[in-house]
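Shown below: my_file.cif, with mmCIF, C-alpha atoms.
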data_work
loop_
_atom_site.label_atom_id
_atom_site.label_comp_id
_atom_site.auth_asym_id
_atom_site.auth_seq_id
_atom_site.Cartn_x
_atom_site.Cartn_y
_atom_site.Cartn_z
CA MET H 1 154.96 -4.36 -107.74
CA ARG H 2 157.88 -1.95 -107.95
CA ILE H 3 160.02 -2.26 -111.06
CA ALA H 4 163.29 -0.32 -111.32
CA LEU H 5 164.62 0.44 -114.78
CA LEU H 6 168.29 1.26 -114.26
CA GLY H 7 169.53 3.21 -117.25
CA GLY H 8 165.86 3.88 -117.75
CA THR H 9 166.57 7.02 -119.76
CA GLY H 10 167.77 4.90 -122.71
CA ASP H 11 165.67 3.42 -125.47
CA ILE H 12 164.88 0.01 -124.00
CA GLY H 13 164.19 1.61 -120.62
CA GLU H 14 161.88 4.12 -122.25
CA GLY H 15 160.02 1.39 -124.11
CA LEU H 16 159.51 -0.78 -121.03
CA ALA H 17 158.50 2.21 -118.88
CA LEU H 18 155.91 3.38 -121.41
CA ARG H 19 154.54 -0.11 -122.05
CA TRP H 20 154.29 -1.08 -118.37
CA GLY H 21 152.98 2.40 -117.57
CA HIS H 22 150.31 1.98 -120.22
CA ASP H 23 149.39 -1.67 -119.74
CA SER H 24 149.91 -2.36 -116.01
CA ASP H 25 149.57 -0.80 -112.56
CA HIS H 26 153.15 -1.36 -111.43
CA GLU H 27 155.17 1.42 -109.81
CA LEU H 28 158.02 2.26 -112.17
CA LEU H 29 161.28 3.64 -110.82
CA ILE H 30 163.49 5.17 -113.51
CA GLY H 31 167.14 4.93 -112.51
CA SER H 32 170.12 6.83 -113.85
CA ARG H 33 173.59 7.63 -112.58
CA ASP H 34 172.31 11.24 -112.65
CA PRO H 35 169.07 11.44 -110.63
CA GLU H 36 168.09 14.71 -112.33
CA LYS H 37 168.18 12.96 -115.73
CA ALA H 38 166.09 10.16 -114.25
CA ARG H 39 163.47 12.61 -112.98
CA GLU H 40 163.32 14.38 -116.34
CA ALA H 41 162.83 11.07 -118.15
CA ALA H 42 160.13 9.99 -115.69
CA ASP H 43 158.28 13.28 -116.25
CA ALA H 44 158.55 12.88 -120.01
CA TYR H 45 157.15 9.33 -119.85
CA LEU H 46 154.28 10.48 -117.62
CA GLU H 47 153.49 13.28 -120.05
CA ALA H 48 153.52 10.94 -123.05
CA LEU H 49 151.10 8.65 -121.23
CA SER H 50 148.87 11.49 -120.04
CA GLU H 51 148.38 12.47 -123.68
CA LEU H 52 146.75 9.06 -124.01
CA ASP H 53 144.71 9.71 -120.84
CA VAL H 54 146.76 7.15 -118.95
CA THR H 55 147.81 7.84 -115.37
CA ALA H 56 150.87 5.87 -114.30
CA SER H 57 153.28 5.82 -111.37
CA ILE H 58 156.73 6.68 -112.75
CA LYS H 59 159.43 8.40 -110.67
CA GLY H 60 163.11 9.14 -111.23
CA PHE H 61 165.97 8.28 -108.84
CA ALA H 62 169.68 7.60 -108.75
CA ASN H 63 170.27 3.97 -109.75
CA GLU H 64 171.12 2.92 -106.19
CA MET H 65 167.93 4.33 -104.72
CA ALA H 66 165.77 2.91 -107.51
CA ALA H 67 167.31 -0.54 -106.93
CA ASP H 68 166.86 -0.25 -103.18
CA ARG H 69 163.13 0.33 -103.47
CA ALA H 70 162.36 -2.21 -106.18
CA ASP H 71 161.12 -5.81 -106.26
CA VAL H 72 162.44 -6.25 -109.79
CA VAL H 73 165.53 -4.45 -111.12
CA VAL H 74 166.04 -4.25 -114.89
CA LEU H 75 169.59 -3.46 -116.00
CA ALA H 76 168.61 -1.39 -119.03
CA VAL H 77 172.15 -0.11 -119.48
CA PRO H 78 174.65 -0.58 -122.33
CA PRO H 79 176.63 -3.85 -122.05
CA TYR H 80 179.88 -2.09 -121.11
CA HIS H 81 178.12 -0.58 -118.06
CA VAL H 82 176.40 -3.77 -116.88
CA GLY H 83 179.17 -4.98 -114.56
CA ASP H 84 179.72 -1.57 -112.97
CA THR H 85 176.00 -1.04 -112.52
CA VAL H 86 175.60 -4.40 -110.78
CA ASP H 87 178.49 -3.52 -108.48
CA ALA H 88 177.00 -0.09 -107.75
CA VAL H 89 173.64 -1.49 -106.63
CA ALA H 90 174.83 -4.84 -105.20
CA ASP H 91 174.24 -3.95 -101.55
CA LYS H 92 170.69 -2.81 -102.35
CA LEU H 93 169.75 -6.22 -103.73
CA ASP H 94 168.59 -9.23 -101.74
CA THR H 95 167.03 -12.65 -102.29
CA ASP H 96 163.66 -11.01 -102.82
CA THR H 97 164.92 -8.80 -105.65
CA VAL H 98 164.89 -10.23 -109.16
CA LEU H 99 167.68 -8.86 -111.34
CA VAL H 100 166.78 -8.75 -115.04
CA THR H 101 169.32 -8.23 -117.81
CA PRO H 102 168.40 -7.29 -121.39
CA ALA H 103 171.91 -6.20 -122.51
CA VAL H 104 173.82 -7.85 -125.36
CA GLY H 105 177.51 -7.59 -126.24
CA MET H 106 178.01 -6.80 -129.91
CA LYS H 107 180.75 -5.54 -132.16
CA GLY H 108 180.29 -4.09 -135.59
CA ASP H 109 182.22 -4.19 -138.83
CA GLU H 110 181.41 -3.25 -142.41
CA ASP H 111 179.25 -6.37 -142.82
CA GLY H 112 177.02 -5.90 -139.80
CA LEU H 113 176.82 -6.52 -136.09
CA HIS H 114 178.23 -9.66 -134.52
CA TYR H 115 177.56 -11.29 -131.18
CA HIS H 116 180.47 -10.50 -128.89
CA PRO H 117 179.87 -11.99 -125.45
CA PRO H 118 182.06 -11.35 -122.41
CA GLY H 119 184.40 -14.10 -121.23
CA THR H 120 181.60 -15.58 -119.12
CA GLY H 121 179.89 -16.67 -122.36
CA SER H 122 176.95 -14.25 -122.16
CA VAL H 123 176.02 -10.95 -120.52
CA THR H 124 173.43 -12.86 -118.49
CA ALA H 125 176.16 -15.12 -117.10
CA LEU H 126 178.29 -12.03 -116.36
CA VAL H 127 175.45 -10.49 -114.35
CA ALA H 128 174.93 -13.77 -112.47
CA GLN H 129 178.65 -13.85 -111.67
CA ARG H 130 178.80 -10.22 -110.50
CA ALA H 131 175.53 -10.18 -108.54
CA PRO H 132 175.44 -11.30 -104.88
CA ASP H 133 175.08 -15.08 -104.75
CA ASP H 134 171.54 -15.13 -103.42
CA VAL H 135 170.07 -12.69 -105.97
CA PRO H 136 168.17 -14.45 -108.76
CA VAL H 137 169.17 -13.32 -112.27
CA VAL H 138 166.94 -13.52 -115.34
CA GLY H 139 167.81 -12.63 -118.93
CA ALA H 140 164.90 -11.12 -120.89
CA PHE H 141 163.82 -8.26 -123.21
CA HIS H 142 166.97 -8.58 -125.37
CA ASN H 143 165.65 -8.49 -128.87
CA LEU H 144 162.66 -6.21 -128.74
CA ALA H 145 162.45 -3.65 -131.50
CA ALA H 146 163.39 -0.70 -129.26
CA GLY H 147 161.95 2.05 -131.43
CA LYS H 148 158.66 0.23 -131.87
CA LEU H 149 158.50 -0.57 -128.15
CA ALA H 150 158.95 3.11 -127.26
CA ASP H 151 156.34 4.19 -129.81
CA ILE H 152 153.49 3.60 -127.40
CA GLU H 153 150.83 4.08 -130.06
CA ALA H 154 152.32 1.32 -132.23
CA ALA H 155 150.79 -2.11 -131.65
CA ILE H 156 153.39 -4.84 -131.16
CA ASP H 157 153.19 -8.58 -131.73
CA LEU H 158 156.54 -9.90 -130.57
CA ASP H 159 158.23 -12.58 -128.51
CA THR H 160 160.83 -12.12 -125.81
CA LEU H 161 162.98 -15.03 -124.68
CA VAL H 162 163.55 -15.63 -121.00
CA VAL H 163 166.48 -17.49 -119.42
CA GLY H 164 167.31 -18.05 -115.77
CA ASP H 165 168.30 -20.64 -113.22
CA ASP H 166 165.65 -19.68 -110.60
CA ALA H 167 162.21 -20.92 -111.65
CA ASP H 168 160.21 -18.50 -109.46
CA ALA H 169 162.17 -15.48 -110.67
CA LYS H 170 161.81 -16.62 -114.27
CA ASN H 171 158.06 -17.13 -113.89
CA LEU H 172 157.71 -13.64 -112.43
CA VAL H 173 159.53 -12.09 -115.39
CA VAL H 174 157.43 -14.12 -117.84
CA GLN H 175 154.32 -12.78 -116.13
CA LEU H 176 155.57 -9.17 -116.13
CA ALA H 177 156.54 -9.43 -119.80
CA GLU H 178 153.14 -10.77 -120.77
CA GLU H 179 151.40 -7.87 -119.00
CA ILE H 180 152.66 -5.82 -121.95
CA ASP H 181 150.02 -6.05 -124.68
CA GLY H 182 151.29 -7.93 -127.73
CA LEU H 183 154.37 -9.33 -126.02
CA ARG H 184 154.69 -13.08 -125.48
CA ALA H 185 157.41 -14.49 -123.23
CA LEU H 186 158.94 -17.84 -124.16
CA GLU H 187 161.21 -19.85 -121.89
CA ALA H 188 164.61 -20.66 -123.33
CA GLY H 189 165.99 -22.57 -120.33
CA PRO H 190 168.79 -21.86 -117.86
CA ILE H 191 171.41 -19.11 -118.06
CA ALA H 192 173.64 -21.63 -119.85
CA ASN H 193 171.36 -21.07 -122.88
CA ALA H 194 171.67 -17.27 -122.81
CA ALA H 195 174.22 -16.92 -125.62
CA GLU H 196 171.82 -18.17 -128.29
CA VAL H 197 169.14 -15.81 -126.94
CA GLU H 198 171.45 -12.78 -126.88
CA SER H 199 172.70 -13.62 -130.41
CA VAL H 200 169.28 -12.75 -131.83
CA THR H 201 169.89 -9.05 -131.18
CA PRO H 202 172.72 -8.53 -133.72
CA LEU H 203 170.78 -10.79 -136.09
CA VAL H 204 167.62 -8.66 -136.07
CA ILE H 205 169.73 -5.52 -136.53
CA ASN H 206 171.44 -7.13 -139.53
CA ILE H 207 168.06 -8.18 -140.95
CA ALA H 208 166.79 -4.62 -140.60
CA ARG H 209 169.88 -3.35 -142.41
CA TYR H 210 169.64 -5.75 -145.35
CA ASN H 211 165.85 -5.69 -145.90
CA ASP H 212 164.41 -2.30 -146.83
CA ASP H 213 160.92 -3.13 -145.62
CA LEU H 214 162.00 -4.36 -142.18
CA ALA H 215 163.19 -1.43 -140.05
CA ASP H 216 163.23 -1.95 -136.28
CA VAL H 217 162.46 -5.63 -136.53
CA GLY H 218 161.55 -8.13 -133.82
CA VAL H 219 160.95 -11.85 -133.79
CA LYS H 220 158.24 -14.44 -133.22
CA PHE H 221 158.55 -18.20 -132.94
CA PHE H 222 155.92 -20.58 -134.41
CA MET N 1 166.42 -25.57 -162.82
CA ARG N 2 168.18 -28.62 -161.41
CA ILE N 3 168.57 -28.65 -157.64
CA ALA N 4 170.71 -31.35 -155.99
CA LEU N 5 169.98 -32.18 -152.35
CA LEU N 6 173.12 -33.93 -151.12
CA GLY N 7 172.25 -35.93 -148.05
CA GLY N 8 168.74 -35.64 -149.41
CA THR N 9 167.60 -38.73 -147.51
CA GLY N 10 167.73 -36.79 -144.20
CA ASP N 11 164.99 -34.66 -142.69
CA ILE N 12 165.88 -31.25 -144.12
CA GLY N 13 166.53 -32.85 -147.52
CA GLU N 14 163.18 -34.60 -147.39
CA GLY N 15 161.39 -31.38 -146.46
CA LEU N 16 163.00 -29.34 -149.25
CA ALA N 17 162.42 -32.12 -151.81
CA LEU N 18 158.74 -32.45 -150.93
CA ARG N 19 158.14 -28.69 -150.78
CA TRP N 20 159.93 -27.91 -154.06
CA GLY N 21 158.36 -31.00 -155.62
CA HIS N 22 154.94 -29.76 -154.56
CA ASP N 23 155.31 -26.03 -155.16
CA SER N 24 157.71 -25.74 -158.14
CA ASP N 25 158.67 -27.37 -161.43
CA HIS N 26 162.36 -27.78 -160.66
CA GLU N 27 164.15 -31.08 -161.29
CA LEU N 28 165.23 -32.44 -157.93
CA LEU N 29 168.26 -34.68 -157.64
CA ILE N 30 168.47 -36.55 -154.33
CA GLY N 31 172.08 -37.31 -153.46
CA SER N 32 173.47 -39.79 -150.98
CA ARG N 33 176.80 -41.53 -150.49
CA ASP N 34 174.79 -44.68 -151.27
CA PRO N 35 172.99 -44.19 -154.61
CA GLU N 36 170.55 -46.99 -153.82
CA LYS N 37 169.40 -45.14 -150.68
CA ALA N 38 169.05 -41.97 -152.77
CA ARG N 39 166.85 -43.77 -155.31
CA GLU N 40 164.68 -45.25 -152.55
CA ALA N 41 164.22 -41.79 -150.99
CA ALA N 42 163.40 -40.23 -154.36
CA ASP N 43 160.77 -42.93 -154.98
CA ALA N 44 159.28 -42.37 -151.51
CA TYR N 45 159.07 -38.60 -152.10
CA LEU N 46 157.44 -39.14 -155.51
CA GLU N 47 154.91 -41.50 -153.95
CA ALA N 48 154.08 -39.06 -151.14
CA LEU N 49 153.48 -36.35 -153.75
CA SER N 50 151.47 -38.62 -156.04
CA GLU N 51 149.06 -39.20 -153.17
CA LEU N 52 148.36 -35.48 -153.41
CA ASP N 53 148.02 -35.80 -157.21
CA VAL N 54 151.28 -33.94 -157.71
CA THR N 55 153.71 -35.09 -160.37
CA ALA N 56 157.29 -34.01 -159.72
CA SER N 57 160.73 -34.77 -161.12
CA ILE N 58 162.77 -36.38 -158.33
CA LYS N 59 165.61 -38.83 -158.97
CA GLY N 60 168.25 -40.44 -156.79
CA PHE N 61 172.01 -40.46 -157.44
CA ALA N 62 175.34 -40.74 -155.70
CA ASN N 63 176.25 -37.31 -154.29
CA GLU N 64 178.94 -36.73 -156.93
CA MET N 65 176.60 -37.39 -159.84
CA ALA N 66 173.81 -35.29 -158.32
CA ALA N 67 176.24 -32.40 -157.87
CA ASP N 68 177.60 -32.80 -161.39
CA ARG N 69 174.15 -32.42 -162.95
CA ALA N 70 172.84 -29.59 -160.79
CA ASP N 71 172.66 -25.79 -161.07
CA VAL N 72 172.20 -25.49 -157.33
CA VAL N 73 173.71 -27.92 -154.82
CA VAL N 74 172.28 -28.01 -151.28
CA LEU N 75 174.55 -29.59 -148.67
CA ALA N 76 171.74 -31.15 -146.61
CA VAL N 77 174.20 -33.23 -144.60
CA PRO N 78 175.05 -33.22 -140.88
CA PRO N 79 177.66 -30.58 -139.96
CA TYR N 80 180.41 -33.14 -139.35
CA HIS N 81 180.02 -34.36 -142.96
CA VAL N 82 179.92 -30.92 -144.60
CA GLY N 83 183.67 -30.59 -145.22
CA ASP N 84 184.04 -34.12 -146.60
CA THR N 85 180.99 -33.73 -148.80
CA VAL N 86 182.33 -30.49 -150.28
CA ASP N 87 185.65 -32.23 -150.97
CA ALA N 88 183.88 -35.21 -152.56
CA VAL N 89 181.95 -33.07 -155.05
CA ALA N 90 184.46 -30.22 -155.50
CA ASP N 91 185.50 -31.17 -159.04
CA LYS N 92 181.83 -31.34 -160.12
CA LEU N 93 181.22 -27.71 -159.15
CA ASP N 94 181.95 -24.63 -161.22
CA THR N 95 181.23 -20.90 -161.25
CA ASP N 96 177.74 -21.62 -162.54
CA THR N 97 176.90 -23.89 -159.60
CA VAL N 98 175.55 -22.28 -156.44
CA LEU N 99 176.51 -24.18 -153.30
CA VAL N 100 173.95 -23.84 -150.50
CA THR N 101 174.63 -24.79 -146.88
CA PRO N 102 171.90 -25.26 -144.24
CA ALA N 103 174.06 -27.12 -141.66
CA VAL N 104 174.71 -25.82 -138.15
CA GLY N 105 177.33 -26.96 -135.64
CA MET N 106 175.80 -27.60 -132.20
CA LYS N 107 176.71 -29.35 -129.02
CA GLY N 108 174.31 -30.39 -126.32
CA ASP N 109 174.41 -30.57 -122.54
CA GLU N 110 171.78 -31.04 -119.87
CA ASP N 111 170.55 -27.46 -120.33
CA GLY N 112 170.00 -27.56 -124.07
CA LEU N 113 171.77 -27.16 -127.38
CA HIS N 114 174.48 -24.58 -127.88
CA TYR N 115 175.93 -23.06 -131.01
CA HIS N 116 179.27 -24.71 -131.68
CA PRO N 117 180.78 -23.32 -134.88
CA PRO N 118 183.91 -24.67 -136.53
CA GLY N 119 187.14 -22.68 -136.27
CA THR N 120 186.17 -20.69 -139.35
CA GLY N 121 183.44 -19.01 -137.27
CA SER N 122 180.46 -20.61 -139.01
CA VAL N 123 179.65 -23.66 -141.12
CA THR N 124 178.91 -21.30 -144.01
CA ALA N 125 182.45 -19.88 -143.75
CA LEU N 126 183.81 -23.45 -143.60
CA VAL N 127 182.00 -24.35 -146.82
CA ALA N 128 183.30 -21.17 -148.49
CA GLN N 129 186.83 -22.08 -147.40
CA ARG N 130 186.61 -25.69 -148.60
CA ALA N 131 184.78 -25.04 -151.88
CA PRO N 132 186.74 -24.17 -155.05
CA ASP N 133 187.44 -20.42 -155.08
CA ASP N 134 185.11 -19.57 -157.94
CA VAL N 135 182.05 -21.41 -156.59
CA PRO N 136 179.55 -19.05 -154.93
CA VAL N 137 178.43 -20.19 -151.47
CA VAL N 138 175.12 -19.24 -149.83
CA GLY N 139 173.92 -20.09 -146.31
CA ALA N 140 170.16 -20.72 -146.10
CA PHE N 141 167.42 -23.05 -144.79
CA HIS N 142 169.12 -23.40 -141.36
CA ASN N 143 166.30 -22.93 -138.93
CA LEU N 144 163.28 -24.41 -140.63
CA ALA N 145 161.16 -26.66 -138.48
CA ALA N 146 162.29 -29.89 -140.18
CA GLY N 147 159.35 -32.05 -139.18
CA LYS N 148 156.82 -29.44 -140.24
CA LEU N 149 158.67 -28.87 -143.52
CA ALA N 150 158.56 -32.59 -144.33
CA ASP N 151 154.87 -32.83 -143.42
CA ILE N 152 153.78 -31.70 -146.85
CA GLU N 153 150.14 -31.33 -145.84
CA ALA N 154 151.05 -28.88 -143.03
CA ALA N 155 150.88 -25.23 -144.05
CA ILE N 156 153.98 -23.26 -143.06
CA ASP N 157 154.47 -19.55 -142.39
CA LEU N 158 158.18 -19.19 -141.72
CA ASP N 159 161.26 -17.15 -142.53
CA THR N 160 164.61 -18.42 -143.68
CA LEU N 161 167.69 -16.21 -143.44
CA VAL N 162 170.09 -16.01 -146.36
CA VAL N 163 173.77 -15.05 -146.20
CA GLY N 164 176.35 -14.93 -148.97
CA ASP N 165 179.06 -12.84 -150.56
CA ASP N 166 177.83 -13.26 -154.17
CA ALA N 167 174.74 -11.14 -154.81
CA ASP N 168 173.53 -13.12 -157.84
CA ALA N 169 173.84 -16.45 -156.06
CA LYS N 170 172.09 -15.05 -153.00
CA ASN N 171 169.26 -13.63 -155.09
CA LEU N 172 168.79 -16.99 -156.79
CA VAL N 173 168.52 -18.77 -153.42
CA VAL N 174 166.07 -16.13 -152.14
CA GLN N 175 163.95 -16.76 -155.22
CA LEU N 176 164.10 -20.55 -154.87
CA ALA N 177 163.22 -20.32 -151.17
CA GLU N 178 160.22 -18.13 -151.87
CA GLU N 179 158.89 -20.59 -154.44
CA ILE N 180 158.02 -22.71 -151.40
CA ASP N 181 154.54 -21.67 -150.25
CA GLY N 182 154.62 -19.97 -146.85
CA LEU N 183 158.38 -19.49 -146.78
CA ARG N 184 159.84 -15.97 -146.84
CA ALA N 185 163.56 -15.43 -147.42
CA LEU N 186 165.25 -12.52 -145.64
CA GLU N 187 168.73 -11.29 -146.40
CA ALA N 188 171.12 -11.26 -143.48
CA GLY N 189 174.19 -9.95 -145.30
CA PRO N 190 177.56 -11.48 -146.18
CA ILE N 191 178.98 -14.79 -144.93
CA ALA N 192 180.63 -12.80 -142.12
CA ASN N 193 177.13 -12.57 -140.60
CA ALA N 194 176.47 -16.34 -140.78
CA ALA N 195 177.19 -17.14 -137.11
CA GLU N 196 174.19 -15.17 -135.85
CA VAL N 197 172.00 -16.86 -138.47
CA GLU N 198 173.22 -20.35 -137.62
CA SER N 199 172.79 -19.65 -133.87
CA VAL N 200 169.02 -19.53 -134.32
CA THR N 201 168.91 -23.31 -134.83
CA PRO N 202 169.95 -24.34 -131.28
CA LEU N 203 167.74 -21.52 -129.99
CA VAL N 204 164.57 -22.79 -131.66
CA ILE N 205 165.34 -26.32 -130.45
CA ASN N 206 165.74 -25.00 -126.90
CA ILE N 207 162.49 -23.04 -127.20
CA ALA N 208 160.68 -26.20 -128.34
CA ARG N 209 162.11 -28.07 -125.37
CA TYR N 210 161.11 -25.49 -122.75
CA ASN N 211 157.64 -24.58 -124.08
CA ASP N 212 155.15 -27.45 -124.18
CA ASP N 213 152.99 -25.86 -126.85
CA LEU N 214 155.83 -25.16 -129.27
CA ALA N 215 157.11 -28.41 -130.77
CA ASP N 216 159.09 -28.18 -134.03
CA VAL N 217 159.23 -24.41 -133.94
CA GLY N 218 160.41 -21.95 -136.58
CA VAL N 219 160.85 -18.21 -136.68
CA LYS N 220 159.46 -15.07 -138.29
CA PHE N 221 160.79 -11.52 -138.15
CA PHE N 222 158.48 -8.49 -137.94
#

Using structure tokens, write down the structure from this file.
Amino acid sequence: MRIALLGGTGDIGEGLALRWGHDSDHELLIGSRDPEKAREAADAYLEALSELDVTASIKGFANEMAADRADVVVLAVPPYHVGDTVDAVADKLDTDTVLVTPAVGMKGDEDGLHYHPPGTGSVTALVAQRAPDDVPVVGAFHNLAAGKLADIEAAIDLDTLVVGDDADAKNLVVQLAEEIDGLRALEAGPIANAAEVESVTPLVINIARYNDDLADVGVKFF
Amino acid sequence: MRIALLGGTGDIGEGLALRWGHDSDHELLIGSRDPEKAREAADAYLEALSELDVTASIKGFANEMAADRADVVVLAVPPYHVGDTVDAVADKLDTDTVLVTPAVGMKGDEDGLHYHPPGTGSVTALVAQRAPDDVPVVGAFHNLAAGKLADIEAAIDLDTLVVGDDADAKNLVVQLAEEIDGLRALEAGPIANAAEVESVTPLVINIARYNDDLADVGVKFF
């Protein structure tokens, strides 16, 4: 399967690229607004994996081209770029492309980070609103400990929560997530339930801030 | 220490009473609007513990009397009763009484439960607003799996998140929480961070609904 990581030069993109590169055989397409940056990131990920004697398929492209070639498109961009990125790649998407959104709107003050969703109620709902009508949208990979994810030699034991209105698309993302060693995907229902899922991201950042022994923290449900 | 559980006949009150009764030597005061119901619940908790050869101090009172006698007052009431319960016991509280709130405002639809805070932004902030100015307020025990907590023979391995603006009060609640075997208390910052903490409760209920193998689910942070 071909997975595009738009904004794949950032930390969550790096983590997913390295983990899928290490643990699966998928073709990974790193997207960036600047294709040269995308190619540099792809080369760096390949080199990090080759040091572990892992050969992966990771290539860099402009976002539009990465989206055009992919079966699954992950919007690994900051929340304020999500809408524009969807618009930029919209005509490359079709009913066979699953659009995955891990972004979370947050605002900070002296106390910590707070959930700050767009007017649609969640970033996932914003993506669903901006994407072409027939493109299935899935929210996932929000609250992974990004540093730990990108540290490919660090074992993880974390959950990711998956929301979406299209059962097939959601099942595919659950399966892709669970191909990453140590990652379990839990269903959290339709996109209407995305706000509670996205809210976990500022929470884990606040927990890391207020507990000295819990840097770069993730979550598991029992 | 004397801990009052107002609304202590409900599920979270029962769980905390049984766990503290089993794992600590604190005096537990079960509060209810109906003192007879409180006494019946206290007797039932004592009997459940005596079957495990545990002798505890658990007595039932009207909410006001329980609050008057306690060092720590837990508002284990439904969210729509929190404000009234604070008002009812306000003149029994003082600067030496720590007021603890585990309640969460939620609303449900066909998709699941959604976080539905009061206008103050969180139930914890509502309690802080309604309580006398000099009474320290701490949010804790929100997202425990209530059924598992009340099943005293079930081992737990869960986190609770603690928010508050008074460091001493917060430290006391962290300590009391960690006297329960298998429960870890994590700091999540000031009351301004309570919304993200309270949001975990509808999330875990949604996760239990959408994952067959995860009934009565709680959370841990790694």

Selection: 12 Å around H:Leu29, only C-alpha atoms, excl. self and same-chain fewer than 4 positions, as number ranges by chain | H: 1-9, 13-14, 16-18, 20-21, 35, 38-39, 41-43, 45-46, 56-74

Convert the output of the PyMOL selection byres ((chain N) within 6 of (chain H)) on the shown file into explicit residues, formatted as a list of chain:residue names.
-> N:Glu187, N:Ala188, N:Glu196, N:Ser199, N:Leu203, N:Asn206, N:Ile207, N:Tyr210, N:Val217, N:Gly218, N:Val219, N:Lys220, N:Phe221, N:Phe222

Stretch 176-182 of chain N: which residues within 9 Å, counting all atoms listed in the file, same-chain residues fewer than 3 positions away excluded, as a VMD selection string?
-> chain N and resid 16 19 to 20 22 to 24 140 to 141 155 to 160 171 to 173 185

Between N:His142, N:His81, N:Arg184, N:Lys107, which is the closest to N:Leu126 once you count only C-alpha atoms?
->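 Among N:His142, N:His81, N:Arg184, N:Lys107, it is N:His81 that comes nearest to N:Leu126.
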
Could you state which residues are captured by the PyMOL selection byres ((chain N and resi 103) around 8) in this file, as a list of chain:residue names?
-> N:Leu75, N:Ala76, N:Val77, N:Pro78, N:Pro79, N:Val82, N:Thr101, N:Pro102, N:Val104, N:Gly105, N:Val123, N:Thr124, N:His142, N:Glu198

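Coordinates place atom CA of H:Val163 at a distance of 28.3 Å from atom CA of N:Ile12.
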
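Atom CA of H:Ala44 lies 18.0 Å from atom CA of H:Asp25.
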